[in-house]
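Okay, my_file06.cif now, which holds mmCIF, C-alpha atoms:
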```
data_protein
loop_
_atom_site.label_atom_id
_atom_site.label_comp_id
_atom_site.auth_asym_id
_atom_site.auth_seq_id
_atom_site.Cartn_x
_atom_site.Cartn_y
_atom_site.Cartn_z
CA MET A 29 0.09 35.05 9.04
CA SER A 30 -3.11 35.89 7.19
CA SER A 31 -6.22 33.76 7.62
CA HIS A 32 -6.03 32.84 3.91
CA THR A 33 -2.55 31.34 4.40
CA THR A 34 -3.70 29.50 7.52
CA ASN A 35 -6.71 28.03 5.72
CA THR A 36 -4.60 27.00 2.74
CA THR A 37 -2.02 25.35 4.98
CA HIS A 38 -4.78 23.49 6.87
CA ILE A 39 -6.34 22.26 3.62
CA LEU A 40 -2.95 21.13 2.29
CA SER A 41 -2.18 19.23 5.49
CA LEU A 42 -5.49 17.36 5.19
CA GLY A 43 -4.64 16.35 1.62
CA THR A 44 -1.24 14.82 2.41
CA PHE A 45 0.38 12.33 4.75
CA THR A 46 3.95 11.34 5.54
CA CYS A 47 4.99 7.81 4.59
CA ALA A 48 5.66 5.62 7.65
CA TRP A 49 8.55 3.88 5.86
CA CYS A 50 10.40 6.27 3.53
CA GLY A 51 9.23 9.64 4.91
CA LEU A 52 7.91 10.94 1.57
CA THR A 53 5.14 13.54 1.76
CA VAL A 54 2.31 11.88 -0.17
CA SER A 55 -0.87 13.29 -1.67
CA ALA A 56 -3.99 11.59 -0.33
CA TYR A 57 -5.10 11.31 -3.97
CA GLY A 58 -3.49 9.42 -6.83
CA ALA A 59 -2.62 10.90 -10.21
CA ASP A 60 -6.08 9.89 -11.45
CA GLY A 61 -7.80 11.63 -8.52
CA ALA A 62 -8.69 8.39 -6.72
CA PRO A 63 -8.12 8.39 -2.94
CA ARG A 64 -4.91 6.69 -1.82
CA ASN A 65 -3.82 5.31 1.53
CA HIS A 66 -0.30 4.14 0.68
CA CYS A 67 2.95 5.68 -0.51
CA PRO A 68 3.37 5.57 -4.31
CA SER A 69 7.13 5.19 -3.93
CA CYS A 70 7.51 2.30 -1.47
CA LEU A 71 3.83 1.18 -1.17
CA HIS A 72 3.88 1.20 2.66
CA SER A 73 0.89 2.49 4.60
CA ARG A 74 -0.20 3.21 8.18
CA HIS A 75 -2.77 1.11 10.09
CA VAL A 76 -5.44 3.72 10.76
CA LEU A 77 -8.61 1.76 9.84
CA ASP A 78 -9.86 -1.36 11.60
CA HIS A 79 -11.13 -3.51 8.73
CA VAL A 80 -12.39 -6.25 11.07
CA GLU A 81 -14.56 -4.12 13.36
CA GLY A 82 -14.93 -1.07 11.10
CA GLY A 83 -14.04 2.49 12.03
CA SER A 84 -10.69 3.85 13.06
CA SER A 85 -7.87 1.78 14.53
CA ASP A 86 -5.75 2.68 17.53
CA CYS A 87 -2.89 0.49 16.25
CA GLU A 88 -1.24 2.98 13.87
CA GLY A 89 1.43 0.39 13.02
CA ARG A 90 3.25 0.41 9.68
CA MET A 91 1.48 -1.57 6.98
CA SER A 92 4.05 -3.43 4.89
CA PRO A 93 3.16 -4.39 1.30
CA ILE A 94 3.41 -8.17 1.04
CA ALA A 95 1.59 -9.23 -2.12
CA ILE A 96 -0.53 -8.33 -5.12
CA ALA A 97 -4.05 -9.67 -5.65
CA VAL A 98 -5.87 -9.43 -8.95
CA LEU A 99 -9.65 -9.12 -8.79
CA ARG A 100 -11.99 -10.76 -11.30
CA THR A 101 -12.36 -7.33 -12.89
CA GLY A 102 -8.61 -7.30 -13.59
CA ASP A 103 -7.98 -4.53 -11.03
CA TRP A 104 -4.83 -4.96 -8.93
CA MET A 105 -4.86 -4.63 -5.14
CA VAL A 106 -1.88 -4.20 -2.81
CA ILE A 107 -2.10 -6.54 0.18
CA HIS A 108 -0.66 -5.04 3.37
CA ARG A 109 0.19 -6.66 6.71
CA CYS A 110 0.50 -4.58 9.85
CA VAL A 111 3.94 -5.07 11.42
CA ARG A 112 2.44 -4.42 14.88
CA CYS A 113 -0.79 -6.49 14.98
CA ASP A 114 -0.57 -8.64 11.79
CA GLU A 115 -3.97 -7.48 10.41
CA LEU A 116 -4.22 -7.89 6.63
CA THR A 117 -5.79 -5.22 4.42
CA SER A 118 -6.01 -4.46 0.72
CA SER A 119 -6.11 -1.23 -1.25
CA PRO A 120 -6.37 -0.50 -4.96
CA VAL A 121 -3.20 0.09 -6.94
CA CYS A 122 -2.97 3.72 -8.07
CA ALA A 123 -1.85 4.81 -11.53
CA ASP A 124 1.34 6.43 -10.19
CA ASP A 125 2.43 3.59 -7.86
CA ASN A 126 5.99 2.31 -8.23
CA GLN A 127 5.70 -0.16 -11.12
CA LEU A 128 8.98 -1.94 -10.32
CA ILE A 129 7.88 -2.81 -6.77
CA LEU A 130 4.44 -3.88 -8.02
CA MET A 131 5.96 -6.25 -10.59
CA ARG A 132 8.47 -7.64 -8.08
CA MET A 133 5.63 -8.53 -5.72
CA ALA A 134 3.50 -9.95 -8.54
CA VAL A 135 6.20 -12.32 -9.84
CA ARG A 136 7.68 -13.32 -6.46
CA PRO A 137 5.54 -16.49 -6.17
CA LEU A 138 6.74 -17.60 -9.63
CA ALA A 139 10.37 -16.79 -8.87
CA GLN A 140 10.30 -18.58 -5.50
CA PRO A 141 8.01 -21.62 -5.82
CA PRO A 142 7.62 -23.97 -2.82
CA PHE A 143 9.11 -26.84 -4.85
CA PRO A 144 12.30 -27.33 -6.91
CA LEU A 145 12.04 -26.01 -10.47
CA GLU A 146 13.96 -29.06 -11.66
CA ALA A 147 10.70 -31.02 -11.29
CA PHE A 148 9.51 -29.45 -14.55
CA GLY A 149 12.33 -31.12 -16.47
CA THR A 150 10.79 -34.57 -15.91
CA LEU A 151 7.28 -33.68 -17.10
#
```

Starting from the file, lay out its structure as structure tokens.
Amino acid sequence: MSSHTTNTTHILSLGTFTCAWCGLTVSAYGADGAPRNHCPSCLHSRHVLDHVEGGSSDCEGRMSPIAIAVLRTGDWMVIHRCVRCDELTSSPVCADDNQLILMRMAVRPLAQPPFPLEAFGTL
């Protein structure tokens, strides 16, 4: 193997990761060039950063997408919960993220309110 091939392979491996949930090989950058830390297909991630103490995390549990948050700027964030240690994190939605999953998470609170919808009929 030539050194050029080795260097190219090393660079490519640094620019990708394997999804902890669906196994997809994912670029570490979104379609718009922004860095990404979650799978665009299933939105799962890996717990590699400790957001409480800063720096890297030894947990490495799977981060499950649980909700969408919308910032005052209008930007959407995916909220993840670690299935191993329960830490919550957020990361920006990327342009090529699965739109169906994003919308399902965004409307879930409206589709499953904590009270009976029949209550609106009496208002």

request  = Could you tell me which residues the PyMOL selection byres ((chain A and resi 101-116) around 12) grabs in this file, written as a PyMOL selection string?
outcome  = chain A and resi 48-49+64-68+70-81+85-100+117-123+125-127+129-131+133-134

Please produce an output containing C-alpha atoms for each residue in the selection, written as a compact mmCIF listing (two decimals), in the coordinates of the input.
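File written: out10.txt
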```
# COMPACT_ATOMS: atom_id res chain seq x y z
CA ALA A 48 5.66 5.62 7.65
CA TRP A 49 8.55 3.88 5.86
CA ARG A 64 -4.91 6.69 -1.82
CA ASN A 65 -3.82 5.31 1.53
CA HIS A 66 -0.30 4.14 0.68
CA CYS A 67 2.95 5.68 -0.51
CA PRO A 68 3.37 5.57 -4.31
CA CYS A 70 7.51 2.30 -1.47
CA LEU A 71 3.83 1.18 -1.17
CA HIS A 72 3.88 1.20 2.66
CA SER A 73 0.89 2.49 4.60
CA ARG A 74 -0.20 3.21 8.18
CA HIS A 75 -2.77 1.11 10.09
CA VAL A 76 -5.44 3.72 10.76
CA LEU A 77 -8.61 1.76 9.84
CA ASP A 78 -9.86 -1.36 11.60
CA HIS A 79 -11.13 -3.51 8.73
CA VAL A 80 -12.39 -6.25 11.07
CA GLU A 81 -14.56 -4.12 13.36
CA SER A 85 -7.87 1.78 14.53
CA ASP A 86 -5.75 2.68 17.53
CA CYS A 87 -2.89 0.49 16.25
CA GLU A 88 -1.24 2.98 13.87
CA GLY A 89 1.43 0.39 13.02
CA ARG A 90 3.25 0.41 9.68
CA MET A 91 1.48 -1.57 6.98
CA SER A 92 4.05 -3.43 4.89
CA PRO A 93 3.16 -4.39 1.30
CA ILE A 94 3.41 -8.17 1.04
CA ALA A 95 1.59 -9.23 -2.12
CA ILE A 96 -0.53 -8.33 -5.12
CA ALA A 97 -4.05 -9.67 -5.65
CA VAL A 98 -5.87 -9.43 -8.95
CA LEU A 99 -9.65 -9.12 -8.79
CA ARG A 100 -11.99 -10.76 -11.30
CA THR A 117 -5.79 -5.22 4.42
CA SER A 118 -6.01 -4.46 0.72
CA SER A 119 -6.11 -1.23 -1.25
CA PRO A 120 -6.37 -0.50 -4.96
CA VAL A 121 -3.20 0.09 -6.94
CA CYS A 122 -2.97 3.72 -8.07
CA ALA A 123 -1.85 4.81 -11.53
CA ASP A 125 2.43 3.59 -7.86
CA ASN A 126 5.99 2.31 -8.23
CA GLN A 127 5.70 -0.16 -11.12
CA ILE A 129 7.88 -2.81 -6.77
CA LEU A 130 4.44 -3.88 -8.02
CA MET A 131 5.96 -6.25 -10.59
CA MET A 133 5.63 -8.53 -5.72
CA ALA A 134 3.50 -9.95 -8.54
```

key: Atomic distance atom CA of Ala59 of chain A - atom CA of Val135 of chain A, expressed in Å with one decimal   = 24.8 Å

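What separates atom CA of Ala62 of chain A from atom CA of Gly43 of chain A is a distance of 12.2 Å.
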
message = Report, in Å to a single decimal, how far apart atom CA of Asp124 of chain A and atom CA of Tyr57 of chain A are.
response = 10.2 Å
